[in-house]
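Structure file protein_9.txt with compact mmCIF, C-alpha atoms:
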# COMPACT_ATOMS: atom_id res chain seq x y z
CA MET S 1 -107.51 3.52 -65.19
CA LEU S 2 -106.81 1.26 -62.25
CA SER S 3 -107.19 2.55 -58.71
CA LEU S 4 -104.27 2.62 -56.28
CA ALA S 5 -106.00 0.00 -54.12
CA THR S 6 -106.10 -2.48 -57.02
CA ILE S 7 -102.45 -1.85 -57.90
CA PHE S 8 -101.39 -2.12 -54.26
CA SER S 9 -103.18 -5.43 -53.76
CA GLY S 10 -101.60 -6.77 -56.96
CA ILE S 11 -98.12 -5.86 -55.72
CA LEU S 12 -98.75 -7.49 -52.33
CA SER S 13 -99.80 -10.72 -54.06
CA ARG S 14 -96.40 -10.79 -55.85
CA PRO S 15 -93.74 -10.16 -53.17
CA GLN S 16 -90.87 -10.21 -55.69
CA LEU S 17 -92.04 -6.80 -56.94
CA LEU S 18 -91.27 -5.19 -53.57
CA LYS S 19 -87.54 -5.33 -54.31
CA LEU S 20 -87.93 -3.22 -57.47
CA SER S 21 -87.22 0.51 -57.39
CA PHE S 22 -89.78 3.17 -58.21
CA ASP S 23 -87.81 4.15 -61.34
CA GLN S 24 -87.86 0.58 -62.64
CA VAL S 25 -91.62 0.34 -62.29
CA THR S 26 -92.42 3.75 -63.82
CA ASN S 27 -89.97 3.18 -66.69
CA PHE S 28 -91.54 -0.21 -67.37
CA VAL S 29 -95.01 1.31 -67.54
CA SER S 30 -93.98 4.22 -69.77
CA GLN S 31 -91.80 2.25 -72.18
CA THR S 32 -94.21 -0.68 -72.49
CA SER S 33 -97.05 1.73 -73.32
CA LEU S 34 -95.08 2.67 -76.45
CA LEU S 35 -95.00 -0.99 -77.55
CA LYS S 36 -98.72 -1.73 -77.59
CA CYS S 37 -98.78 -2.28 -81.35
CA ASP S 38 -95.79 -4.64 -81.11
CA ILE S 39 -97.53 -6.59 -78.34
CA MET S 40 -100.79 -6.93 -80.28
CA HIS S 41 -99.03 -7.87 -83.51
CA THR S 42 -97.90 -11.22 -82.08
CA GLN S 43 -101.21 -12.16 -80.41
CA PRO S 44 -103.37 -14.98 -81.82
CA LEU S 45 -106.39 -14.21 -83.96
CA GLY S 46 -109.50 -13.27 -82.03
CA VAL S 47 -107.70 -11.45 -79.20
CA PRO S 48 -109.45 -8.06 -78.82
CA SER S 49 -107.22 -5.00 -79.18
CA ASP S 50 -109.08 -2.88 -76.63
CA ILE S 51 -108.14 -5.16 -73.74
CA ALA S 52 -104.60 -5.86 -72.52
CA PRO S 53 -103.61 -9.42 -73.54
CA ASP S 54 -102.46 -11.88 -70.92
CA ILE S 55 -99.42 -13.03 -72.89
CA LEU S 56 -96.41 -10.77 -73.29
CA PRO S 57 -94.16 -11.67 -76.28
CA HIS S 58 -90.78 -13.06 -75.29
CA THR S 59 -88.96 -10.35 -77.28
CA ILE S 60 -90.70 -7.66 -75.22
CA VAL S 61 -89.87 -9.55 -72.04
CA GLN S 62 -86.20 -9.78 -73.01
CA PHE S 63 -86.07 -6.12 -74.03
CA SER S 64 -87.63 -4.91 -70.75
CA ALA S 65 -85.42 -7.18 -68.65
CA GLU S 66 -82.20 -6.04 -70.28
CA SER S 67 -83.02 -2.34 -70.49
CA LEU S 68 -84.40 -2.09 -66.93
CA THR S 69 -81.98 -4.57 -65.25
CA MET S 70 -84.79 -6.90 -64.23
CA ASN S 71 -85.21 -10.64 -64.63
CA ALA S 72 -87.91 -12.21 -66.81
CA GLU S 73 -90.06 -13.24 -63.82
CA ASP S 74 -90.17 -9.63 -62.57
CA VAL S 75 -91.15 -8.39 -66.01
CA LEU S 76 -94.01 -10.86 -66.27
CA ALA S 77 -95.15 -10.02 -62.73
CA CYS S 78 -95.14 -6.29 -63.57
CA TRP S 79 -97.16 -7.01 -66.69
CA ASP S 80 -99.78 -8.91 -64.70
CA VAL S 81 -100.17 -6.01 -62.27
CA PHE S 82 -99.90 -2.99 -64.57
CA LYS S 83 -101.15 -4.29 -67.92
CA ASP S 84 -104.59 -2.68 -67.63
CA CYS S 85 -103.01 0.60 -66.58
CA ILE S 86 -100.53 0.41 -69.48
CA TRP S 87 -103.27 -0.34 -71.99
CA SER S 88 -105.30 2.70 -70.94
CA LEU S 89 -102.41 5.14 -71.29
CA PRO S 90 -102.66 7.57 -74.25
CA SER S 91 -100.44 7.43 -77.30
CA ASP S 92 -96.97 8.92 -77.54
CA MET S 93 -97.98 12.50 -78.41
CA GLU S 94 -101.21 12.69 -76.43
CA PRO S 95 -99.54 13.16 -73.01
CA GLN S 96 -97.56 16.11 -74.34
CA ASN S 97 -100.68 17.70 -75.79
CA LEU S 98 -102.64 17.13 -72.58
CA GLN S 99 -99.85 18.60 -70.46
CA ARG S 100 -99.48 21.59 -72.75
CA GLU S 101 -103.21 22.25 -72.61
CA ALA S 102 -103.23 21.90 -68.82
CA PHE S 103 -100.41 24.42 -68.43
CA GLU S 104 -102.00 26.89 -70.86
CA VAL S 105 -105.47 26.72 -69.31
CA TYR S 106 -104.69 26.34 -65.60
CA GLY S 107 -100.99 27.12 -65.15
CA HIS S 108 -100.41 30.35 -67.05
CA PRO S 109 -102.89 32.44 -65.00
CA LEU S 110 -100.92 31.35 -61.91
CA GLY S 111 -97.50 32.07 -63.38
CA ILE S 112 -96.76 28.36 -63.96
CA GLY S 113 -95.70 27.02 -67.35
CA SER S 114 -94.25 23.96 -68.99
CA ARG S 115 -91.41 26.18 -70.21
CA VAL S 116 -89.76 28.48 -67.67
CA LEU S 117 -86.41 30.17 -68.30
CA PHE S 118 -84.41 30.80 -65.12
CA PRO S 119 -80.94 32.30 -64.72
CA PRO S 120 -78.29 29.57 -64.95
CA SER S 121 -77.30 30.03 -61.30
CA ASP S 122 -79.43 30.56 -58.20
CA SER S 123 -76.67 32.49 -56.41
CA CYS S 124 -74.77 35.67 -57.28
CA THR S 125 -71.73 35.08 -59.49
CA ASN S 126 -70.27 38.58 -59.13
CA PRO S 127 -66.71 38.05 -57.79
CA SER S 128 -66.83 41.36 -55.89
CA CYS S 129 -70.07 40.47 -54.11
CA ASP S 130 -69.98 38.90 -50.64
CA THR S 131 -73.59 37.68 -50.70
CA LEU S 132 -73.53 33.90 -50.33
CA VAL S 133 -77.25 33.18 -49.92
CA GLN S 134 -79.48 32.05 -52.75
CA MET S 135 -81.27 34.71 -54.75
CA LYS S 136 -84.98 34.61 -53.92
CA GLN S 137 -85.91 38.16 -54.87
CA GLY S 138 -87.06 38.53 -58.43
CA GLU S 139 -89.96 38.61 -60.80
CA SER S 140 -91.29 36.72 -63.77
CA HIS S 141 -92.83 37.98 -66.99
CA ASN S 142 -94.59 36.26 -69.84
CA ALA S 143 -92.87 35.76 -73.18
CA ILE S 144 -92.94 33.60 -76.30
CA ILE S 145 -90.30 31.36 -77.79
CA PHE S 146 -89.81 30.16 -81.38
CA THR S 147 -88.76 26.51 -81.52
CA LEU S 148 -88.38 23.95 -84.29
CA GLU S 149 -89.94 21.09 -82.34
CA ASP S 150 -93.10 22.71 -80.96
CA GLY S 151 -93.46 25.90 -83.00
CA VAL S 152 -94.36 29.07 -81.12
CA CYS S 153 -94.77 28.43 -77.39
CA CYS S 154 -95.71 30.49 -74.37
CA LEU S 155 -93.27 30.63 -71.48
CA TRP S 156 -92.35 32.46 -68.32
CA ALA S 157 -88.97 34.20 -68.02
CA VAL S 158 -87.68 34.66 -64.48
CA LYS S 159 -85.09 37.21 -63.42
CA CYS S 160 -83.48 37.19 -59.98
CA TYR S 161 -82.04 40.07 -57.98
CA CYS S 162 -78.99 40.15 -55.74
CA PRO S 163 -79.41 42.78 -53.00
CA GLY S 164 -75.70 42.71 -52.18
CA CYS S 165 -74.42 44.13 -55.49
CA ASN S 166 -77.71 45.24 -57.14
CA THR S 167 -77.22 42.81 -60.03
CA MET S 168 -80.25 41.53 -61.93
CA TYR S 169 -79.77 38.06 -63.41
CA HIS S 170 -81.67 37.13 -66.58
CA HIS S 171 -81.63 33.91 -68.58
CA ASN S 172 -78.90 35.06 -71.02
CA TYR S 173 -77.11 37.79 -69.11
CA SER S 174 -76.71 39.71 -65.87
CA MET S 175 -77.31 43.45 -65.70
CA ASN S 176 -75.68 45.97 -63.40
CA GLY S 177 -75.23 49.71 -63.87
CA GLY S 178 -76.97 49.68 -67.26
CA VAL S 179 -74.52 47.13 -68.70
CA ARG S 180 -75.46 43.64 -69.84
CA THR S 181 -72.84 40.98 -69.23
CA TYR S 182 -73.59 37.79 -71.14
CA TYR S 183 -72.78 34.44 -69.58
CA GLU S 184 -70.01 32.25 -70.95
CA GLY S 185 -70.83 29.69 -73.60
CA LEU S 186 -73.63 29.52 -76.15
CA PRO S 187 -77.22 29.41 -74.84
CA GLU S 188 -79.94 27.12 -76.11
CA TYR S 189 -82.42 29.99 -76.29
CA VAL S 190 -81.49 33.56 -77.23
CA GLU S 191 -83.37 36.65 -76.08
CA VAL S 192 -83.73 38.68 -79.28
CA ALA S 193 -86.18 41.27 -77.94
CA ASN S 194 -88.23 42.00 -74.86
CA HIS S 195 -90.50 38.98 -74.27
CA HIS S 196 -89.14 37.19 -77.37
CA TYR S 197 -86.77 34.20 -77.41
CA VAL S 198 -85.52 32.13 -80.35
CA ALA S 199 -83.98 28.65 -80.22
CA THR S 200 -80.46 28.52 -81.60
CA ASN S 201 -81.33 25.83 -84.14
CA VAL S 202 -83.91 28.24 -85.61
CA VAL S 203 -81.30 31.01 -85.95
CA HIS S 204 -79.03 28.66 -87.90
CA MET S 205 -81.62 28.16 -90.67
CA VAL S 206 -80.17 29.57 -93.92
CA SER S 207 -80.55 33.36 -94.28
CA ALA S 208 -82.53 35.68 -92.05
CA MET S 209 -85.32 36.48 -94.51
CA ASN S 210 -85.71 32.88 -95.70
CA CYS S 211 -85.50 31.63 -92.11
CA ALA S 212 -88.34 33.89 -90.93
CA TRP S 213 -90.46 33.14 -93.99
CA ASN S 214 -89.92 29.36 -93.87
CA TYR S 215 -90.52 29.23 -90.13
CA ASP S 216 -93.79 31.15 -90.32
CA LEU S 217 -94.94 29.00 -93.23
CA SER S 218 -94.02 25.62 -91.75
CA HIS S 219 -95.46 26.40 -88.31
CA ALA S 220 -98.58 28.23 -89.50
CA CYS S 221 -100.78 25.17 -88.87
CA LEU S 222 -99.58 24.59 -85.30
CA GLU S 223 -101.99 25.45 -82.54
CA ARG S 224 -101.24 28.71 -80.74
CA SER S 225 -104.33 28.96 -78.60
CA SER S 226 -102.93 31.02 -75.72
CA ILE S 227 -101.29 33.46 -78.12
CA LEU S 228 -104.09 33.82 -80.64
CA ASP S 229 -106.90 34.23 -78.11
CA GLY S 230 -105.24 37.31 -76.61
CA ALA S 231 -104.07 35.76 -73.34
CA TRP S 232 -100.45 36.27 -74.45
CA PRO S 233 -100.11 39.83 -75.86
CA PHE S 234 -97.35 39.05 -78.37
CA SER S 235 -97.28 38.38 -82.08
CA PRO S 236 -96.62 34.70 -82.95
CA GLN S 237 -94.80 35.70 -86.13
CA LEU S 238 -91.03 35.38 -86.40
CA THR S 239 -89.56 38.49 -88.03
CA THR S 240 -86.36 38.99 -89.97
CA GLU S 241 -85.15 41.37 -87.25
CA ASN S 242 -85.54 38.60 -84.64
CA VAL S 243 -83.39 36.23 -86.69
CA TRP S 244 -80.74 38.88 -87.36
CA ASP S 245 -80.50 39.80 -83.68
CA GLY S 246 -80.16 36.15 -82.72
CA PHE S 247 -77.45 35.61 -85.35
CA VAL S 248 -75.51 38.68 -84.16
CA ILE S 249 -75.69 37.65 -80.50
CA LEU S 250 -74.59 34.08 -81.18
CA SER S 251 -71.75 35.24 -83.44
CA LEU S 252 -70.49 37.70 -80.83
CA LEU S 253 -70.74 35.11 -78.07
CA ASN S 254 -68.82 32.61 -80.17
CA ASN S 255 -66.13 35.20 -80.91
CA CYS S 256 -65.85 36.19 -77.24
CA ARG S 257 -65.57 32.55 -76.25
CA SER S 258 -62.69 32.02 -78.68
CA ARG S 259 -60.89 35.06 -77.21
CA GLY S 260 -61.64 34.12 -73.60
CA VAL S 261 -63.59 37.28 -72.80
CA ARG S 262 -67.17 38.14 -71.87
CA LEU S 263 -69.63 40.05 -74.03
CA HIS S 264 -70.64 43.44 -72.54
CA VAL S 265 -73.29 45.71 -74.11
CA HIS S 266 -75.25 48.71 -72.87
CA SER S 267 -78.87 47.96 -72.01
CA LYS S 268 -80.19 51.52 -72.41
CA ILE S 269 -79.34 51.71 -76.12
CA GLU S 270 -81.95 50.94 -78.76
CA GLN S 271 -81.92 47.30 -79.81
CA LYS S 272 -80.74 47.88 -83.39
CA TYR S 273 -77.71 49.84 -82.13
CA ARG S 274 -77.01 47.85 -78.98
CA PHE S 275 -74.41 45.51 -80.48
CA THR S 276 -72.72 47.98 -82.85
CA LEU S 277 -69.73 48.67 -80.59
CA ALA S 278 -69.28 44.96 -79.88
CA MET S 279 -69.32 44.18 -83.61
CA GLU S 280 -66.76 46.93 -84.29
CA GLU S 281 -64.53 45.47 -81.59
CA CYS S 282 -64.93 42.01 -83.11
CA ASN S 283 -64.06 43.32 -86.58
CA ALA S 284 -61.02 45.20 -85.27
CA CYS S 285 -59.83 42.04 -83.53
CA MET S 286 -60.30 40.09 -86.75
CA VAL S 287 -58.23 42.65 -88.67
CA THR S 288 -55.37 42.73 -86.17
CA GLU S 289 -55.30 39.10 -85.06
CA GLY S 290 -57.07 37.25 -87.86
CA LEU S 291 -58.17 33.65 -87.66
CA PRO S 292 -56.15 30.87 -85.98
CA GLU S 293 -55.02 29.76 -89.43
CA LEU S 294 -53.22 33.08 -90.04
CA PRO S 295 -49.69 31.98 -88.91
CA HIS S 296 -49.91 28.73 -90.86
CA TYR S 297 -47.15 28.00 -93.40
CA CYS S 298 -46.46 24.87 -95.42
CA ASP S 299 -44.98 23.83 -98.76
CA LEU S 300 -48.43 23.45 -100.26
CA CYS S 301 -49.72 26.96 -99.61
CA MET S 302 -46.48 29.01 -99.76
CA ARG S 303 -43.50 29.26 -102.09
CA THR S 304 -40.26 31.21 -101.62
CA TYR S 305 -37.93 32.52 -104.31
CA ASP S 306 -34.86 34.72 -104.65
CA ASP S 307 -34.77 37.73 -106.95
CA ASN S 308 -31.80 39.10 -108.89
CA ASP S 309 -30.57 40.91 -105.78
CA ASN S 310 -30.57 37.65 -103.79
CA LYS S 311 -33.49 38.84 -101.69
CA THR S 312 -35.93 36.13 -100.61
CA HIS S 313 -39.63 36.67 -101.23
CA LYS S 314 -42.68 34.57 -100.46
CA VAL S 315 -45.84 33.89 -102.40
CA GLN S 316 -48.97 32.56 -100.71
CA ALA S 317 -52.15 31.31 -102.28
CA ILE S 318 -55.41 33.00 -101.28
CA ILE S 319 -58.80 31.42 -101.85
CA THR S 320 -61.69 33.85 -102.19
CA ASP S 321 -65.18 33.99 -103.61
CA GLY S 322 -65.35 34.76 -107.30
CA LEU S 323 -68.17 37.25 -106.75
CA SER S 324 -67.64 40.26 -104.49
CA MET S 325 -70.88 42.06 -103.63
CA GLY S 326 -69.24 44.77 -101.54
CA HIS S 327 -71.11 46.61 -98.83
CA PRO S 328 -72.93 49.94 -98.47
CA CYS S 329 -70.44 52.75 -97.90
CA CYS S 330 -70.09 56.49 -98.18
CA GLY S 331 -70.18 57.83 -101.75
CA VAL S 332 -66.96 59.81 -101.19
CA PHE S 333 -64.01 57.82 -102.48
CA ARG S 334 -61.97 56.11 -99.72
CA CYS S 335 -64.18 57.45 -96.94
CA THR S 336 -64.29 54.88 -94.13
CA GLU S 337 -66.98 56.50 -91.98
CA PRO S 338 -70.00 54.18 -91.57
CA LEU S 339 -73.46 55.11 -92.81
CA VAL S 340 -76.15 55.94 -90.29
CA ASN S 341 -78.65 54.18 -92.54
CA ASN S 342 -77.85 51.83 -95.43
CA CYS S 343 -80.32 53.78 -97.57
CA HIS S 344 -78.13 56.89 -97.28
CA ARG S 345 -75.55 57.73 -99.93
CA PHE S 346 -73.17 59.59 -97.64
CA CYS S 347 -71.92 59.33 -94.08
CA PRO S 348 -72.69 62.01 -91.44
CA MET S 349 -69.41 63.81 -92.25
CA HIS S 350 -70.44 64.18 -95.91
CA HIS S 351 -74.18 64.32 -95.35
CA HIS S 352 -74.37 67.76 -96.98
CA LEU S 353 -73.53 66.12 -100.33
CA HIS S 354 -77.08 64.73 -100.41
CA LEU S 355 -78.07 68.25 -101.47
CA ILE S 356 -75.63 68.27 -104.41
CA CYS S 357 -76.46 66.82 -107.83
CA ALA S 358 -75.46 63.14 -108.04
CA ILE S 359 -74.10 63.43 -111.59
CA ASN S 360 -70.32 63.27 -111.74
CA ASN S 361 -68.57 66.65 -111.99
CA CYS S 362 -71.82 68.53 -111.31
CA SER S 363 -71.88 70.75 -108.20
CA GLN S 364 -75.35 72.29 -108.61
CA PRO S 365 -77.90 71.91 -105.79
CA VAL S 366 -80.68 69.35 -106.14
CA VAL S 367 -84.27 70.41 -106.82
CA ALA S 368 -87.61 69.03 -105.66
CA ASP S 369 -90.03 67.14 -107.87
CA THR S 370 -93.67 68.07 -108.48
CA MET S 371 -94.67 66.49 -105.15
CA GLY S 372 -92.15 68.59 -103.23
CA LYS S 373 -89.85 65.62 -102.59
CA PRO S 374 -86.10 66.28 -103.06
CA THR S 375 -84.54 64.51 -106.03
CA LYS S 376 -80.91 63.52 -106.56
CA THR S 377 -80.22 65.82 -109.49
CA CYS S 378 -80.23 69.51 -110.29
CA ASN S 379 -82.53 71.43 -112.63
CA ASP S 380 -80.61 70.32 -115.72
CA PRO S 381 -83.17 68.46 -117.92
CA MET S 382 -80.56 65.96 -119.07
CA HIS S 383 -79.59 65.13 -115.49
CA GLN S 384 -83.22 64.72 -114.48
CA GLU S 385 -83.81 62.39 -117.43
CA MET S 386 -80.83 60.27 -116.37
CA GLU S 387 -82.29 59.97 -112.88
CA ARG S 388 -85.73 59.03 -114.25
CA LEU S 389 -84.29 56.30 -116.48
CA ASN S 390 -82.20 54.95 -113.61
CA ASN S 391 -85.24 54.76 -111.30
CA GLU S 392 -87.35 53.04 -113.96
CA ALA S 393 -84.67 50.42 -114.62
CA ALA S 394 -84.19 49.73 -110.91
CA ASN S 395 -87.94 49.45 -110.23
CA ALA S 396 -88.53 47.17 -113.20
CA LEU S 397 -85.66 44.86 -112.27
CA HIS S 398 -86.77 44.79 -108.65
CA GLN S 399 -90.38 44.03 -109.60
CA GLN S 400 -89.30 41.13 -111.80
CA HIS S 401 -87.14 39.75 -109.01
CA CYS S 402 -90.01 39.93 -106.48
CA GLU S 403 -92.48 38.25 -108.82
CA ARG S 404 -90.02 35.49 -109.68
CA GLU S 405 -89.18 34.94 -105.99
CA ILE S 406 -92.84 34.70 -104.96
CA ALA S 407 -93.66 32.34 -107.85
CA THR S 408 -90.73 30.08 -106.93
CA ARG S 409 -91.75 29.90 -103.28
CA LEU S 410 -95.36 29.11 -104.11
CA LEU S 411 -94.27 26.30 -106.40
CA GLU S 412 -91.97 24.83 -103.76
CA THR S 413 -94.66 24.72 -101.10
CA SER S 414 -98.15 23.31 -101.13
CA ALA S 415 -99.41 25.79 -98.57
CA THR S 416 -100.49 29.35 -99.21
CA TYR S 417 -98.14 32.10 -98.16
CA PRO S 418 -99.55 33.27 -94.78
CA ASN S 419 -99.63 36.96 -93.91
CA ARG S 420 -98.24 37.93 -97.27
CA ARG S 421 -96.12 41.03 -96.95
CA GLU S 422 -95.31 43.49 -99.66
CA CYS S 423 -91.76 43.34 -100.88
CA ASN S 424 -90.23 46.78 -100.41
CA ILE S 425 -86.47 46.43 -100.79
CA ARG S 426 -84.58 49.40 -102.09
CA PRO S 427 -81.60 48.80 -104.36
CA LYS S 428 -78.49 49.96 -102.51
CA ARG S 429 -75.26 51.26 -103.94
CA THR S 430 -72.25 49.23 -102.78
CA ALA S 431 -68.56 49.96 -102.51
CA ASN S 432 -67.86 48.10 -105.75
CA GLU S 433 -70.47 49.92 -107.78
CA ALA S 434 -69.71 53.02 -109.81
CA THR S 435 -72.03 56.00 -109.71
CA PRO S 436 -74.77 55.12 -112.24
CA TYR S 437 -75.21 58.74 -113.35
This entry written out as structure tokens:
Amino acid sequence: MLSLATIFSGILSRPQLLKLSFDQVTNFVSQTSLLKCDIMHTQPLGVPSDIAPDILPHTIVQFSAESLTMNAEDVLACWDVFKDCIWSLPSDMEPQNLQREAFEVYGHPLGIGSRVLFPPSDSCTNPSCDTLVQMKQGESHNAIIFTLEDGVCCLWAVKCYCPGCNTMYHHNYSMNGGVRTYYEGLPEYVEVANHHYVATNVVHMVSAMNCAWNYDLSHACLERSSILDGAWPFSPQLTTENVWDGFVILSLLNNCRSRGVRLHVHSKIEQKYRFTLAMEECNACMVTEGLPELPHYCDLCMRTYDDNDNKTHKVQAIITDGLSMGHPCCGVFRCTEPLVNNCHRFCPMHHHLHLICAINNCSQPVVADTMGKPTKTCNDPMHQEMERLNNEAANALHQQHCEREIATRLLETSATYPNRRECNIRPKRTANEATPY
């Protein structure tokens, strides 16, 4: 690497370089370092590749002159001065790796990182707050982020505090009085849990389970030194819950943006229940207002006709999926109360029916099995046999599905499934399913 004295003397010997800007010189050095193979490819035989050649191809000269708004003489003069410096620069990816290593080794202990997430504004945005100064009070905490480009990365998340209205500003939202108010628009990175962020392009990968599995598999070989050596006390594995939370947040933000409102959730509620009220509000709005296409009418999608009483009626075409999977619901017919847990058969209002035999038209109480665990049927031997056969069929079908799924994934990938987890998915009864016994 050349010293500053050598570079400075070279510039003084070529006065035309003094009229160039600093950006032109640095961009010339960085972009020409990416063209070293192109420069060597046109050199005569016998020119060593470990030393910068004296001749710069005319195509490179023309490219640099046009892209950097320089003339050919300035390009050649820059090459004469900086060629040895350019030739000693590392390859395209090496600077990123060196910078990442420098931040992980020397920056993270000091609270400095290559990735730092700040609030979008450095001043309070509360319209009822009179504080006009920049927010300097705050704190930073370590976190990890799941990206497509660089895999799992360490970062610092900074939150700022406004003393005028007691509002704490985070990267995705502001918090005041136990309520999170998300910023307008869609963020690039979504906070899906404490100390965990996910890039939006990761959330958009197929389904939640496949997304988490594919991400962990494809990024298993990437280096995670600061995370794996214990310096960053977080798991580098993307979970299905992380993907689901990111999908829910982005969907709610997109819906709020279309309605011109802000997303508000309570911060003191457990994460899995935090967005329930917001989702119910979104669903209610969808039922009452529908999509923008709802008021659409045309001759292609609607027909009108008159009946025998000269009354006009309309007929509209509806396009729907041919397969309706339904959703988990209470086992009482037409009950609209939601389930506390999708594994439950009844809602809280009808929870006592868990203690009644599941066979239709049977009102006897359920009994426990030999292990003391409550069953779903009474002491009638025929009812117990029906439950046993139903459980065997469900377990066999589920086992075949898991084995087939694992075999398919192993065939599609050349890598071994890392951190293989047992498949433990219970079959759930849906609204479209009849009681099996």
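Going from CA of Thr42 (chain S) to CA of Asp54 (chain S) covers 12.1 Å.
The space separating CA of His344 (chain S) from CA of Ala278 (chain S) comes to 22.9 Å.
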- Item | Nearest-residue call for Asp150 (chain S), choices S:Tyr189, S:Arg100, S:Asn254, S:Ile356, using all atoms listed in the file | S:Arg100
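Put simply, CA of Arg388 (chain S) is 12.7 Å away from CA of Ala358 (chain S).
Minimum atom-to-atom distances from S:Thr125, S:Thr239, S:Gln62, S:Thr336 to Met168 (chain S) were compared using all atoms listed in the file, and the lowest value belongs to S:Thr125.
If only C-alpha atoms are the atoms counted, then among S:Val152, S:Leu300, S:Val202, S:Met175 the closest residue to His264 (chain S) is S:Met175.
Minimum distance to Val158 (chain S) across S:Asn390, S:Ser140, S:Ser174, S:Gln399 (counting all atoms listed in the file) occurs at S:Ser140.
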- Could you pull the residues within 12 Å of Gln43 (chain S), counting only C-alpha atoms, minus those fewer than 2 positions along the same chain, as a VMD selection string? chain S and resid 36 to 41 45 to 49 51 to 58
- Would you kindly return, as an NGL selection string, each protein, DNA or RNA residue with an atom no farther than 6 Å from any atom of region 312-315 of chain S, considering only C-alpha atoms and excluding same-chain residues fewer than 2 positions away? :S and (302-306)
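For the residues S:Val265, S:Leu117, S:Val190, S:Glu337, ranking by smallest atom-to-atom distance to Asn242 (chain S) using only C-alpha atoms places S:Val190 first.
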Taking only N, CA and C atoms, show region 114-130 of chain S of the given structure as a PDB file, in the first residue's frame.
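Saved as result.pdb:
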ATOM      1  N   SER S 114     -21.643  -2.423  12.604  1.00  0.00           N
ATOM      2  CA  SER S 114     -21.866  -2.086  11.199  1.00  0.00           C
ATOM      3  C   SER S 114     -23.354  -1.935  10.898  1.00  0.00           C
ATOM      4  N   ARG S 115     -24.191  -2.542  11.731  1.00  0.00           N
ATOM      5  CA  ARG S 115     -25.637  -2.395  11.606  1.00  0.00           C
ATOM      6  C   ARG S 115     -26.173  -1.816  12.913  1.00  0.00           C
ATOM      7  N   VAL S 116     -26.750  -0.652  12.835  1.00  0.00           N
ATOM      8  CA  VAL S 116     -27.352   0.011  13.991  1.00  0.00           C
ATOM      9  C   VAL S 116     -28.728   0.515  13.564  1.00  0.00           C
ATOM     10  N   LEU S 117     -29.751   0.155  14.319  1.00  0.00           N
ATOM     11  CA  LEU S 117     -31.117   0.559  14.009  1.00  0.00           C
ATOM     12  C   LEU S 117     -31.524   1.696  14.940  1.00  0.00           C
ATOM     13  N   PHE S 118     -31.723   2.878  14.366  1.00  0.00           N
ATOM     14  CA  PHE S 118     -32.146   4.057  15.110  1.00  0.00           C
ATOM     15  C   PHE S 118     -33.622   4.315  14.845  1.00  0.00           C
ATOM     16  N   PRO S 119     -34.271   5.111  15.679  1.00  0.00           N
ATOM     17  CA  PRO S 119     -35.613   5.596  15.329  1.00  0.00           C
ATOM     18  C   PRO S 119     -35.549   6.428  14.055  1.00  0.00           C
ATOM     19  N   PRO S 120     -36.621   6.462  13.278  1.00  0.00           N
ATOM     20  CA  PRO S 120     -36.566   7.174  11.993  1.00  0.00           C
ATOM     21  C   PRO S 120     -36.397   8.679  12.125  1.00  0.00           C
ATOM     22  N   SER S 121     -36.676   9.245  13.291  1.00  0.00           N
ATOM     23  CA  SER S 121     -36.534  10.684  13.495  1.00  0.00           C
ATOM     24  C   SER S 121     -35.733  10.933  14.767  1.00  0.00           C
ATOM     25  N   ASP S 122     -34.903  11.982  14.738  1.00  0.00           N
ATOM     26  CA  ASP S 122     -34.106  12.321  15.921  1.00  0.00           C
ATOM     27  C   ASP S 122     -34.795  13.354  16.799  1.00  0.00           C
ATOM     28  N   SER S 123     -36.029  13.723  16.487  1.00  0.00           N
ATOM     29  CA  SER S 123     -36.791  14.655  17.304  1.00  0.00           C
ATOM     30  C   SER S 123     -38.169  14.065  17.563  1.00  0.00           C
ATOM     31  N   CYS S 124     -38.829  14.539  18.596  1.00  0.00           N
ATOM     32  CA  CYS S 124     -40.138  14.013  18.993  1.00  0.00           C
ATOM     33  C   CYS S 124     -41.181  14.362  17.937  1.00  0.00           C
ATOM     34  N   THR S 125     -41.982  13.374  17.566  1.00  0.00           N
ATOM     35  CA  THR S 125     -43.027  13.563  16.552  1.00  0.00           C
ATOM     36  C   THR S 125     -44.420  13.608  17.157  1.00  0.00           C
ATOM     37  N   ASN S 126     -44.501  13.644  18.487  1.00  0.00           N
ATOM     38  CA  ASN S 126     -45.796  13.728  19.156  1.00  0.00           C
ATOM     39  C   ASN S 126     -46.383  15.120  18.934  1.00  0.00           C
ATOM     40  N   PRO S 127     -47.561  15.240  18.280  1.00  0.00           N
ATOM     41  CA  PRO S 127     -48.093  16.578  17.993  1.00  0.00           C
ATOM     42  C   PRO S 127     -48.443  17.379  19.240  1.00  0.00           C
ATOM     43  N   SER S 128     -48.674  16.718  20.365  1.00  0.00           N
ATOM     44  CA  SER S 128     -49.017  17.429  21.596  1.00  0.00           C
ATOM     45  C   SER S 128     -47.805  17.775  22.442  1.00  0.00           C
ATOM     46  N   CYS S 129     -46.608  17.481  21.941  1.00  0.00           N
ATOM     47  CA  CYS S 129     -45.383  17.754  22.687  1.00  0.00           C
ATOM     48  C   CYS S 129     -44.751  19.035  22.147  1.00  0.00           C
ATOM     49  N   ASP S 130     -44.295  19.885  23.077  1.00  0.00           N
ATOM     50  CA  ASP S 130     -43.693  21.164  22.701  1.00  0.00           C
ATOM     51  C   ASP S 130     -42.174  21.103  22.664  1.00  0.00           C
TER      52      ASP S 130
END
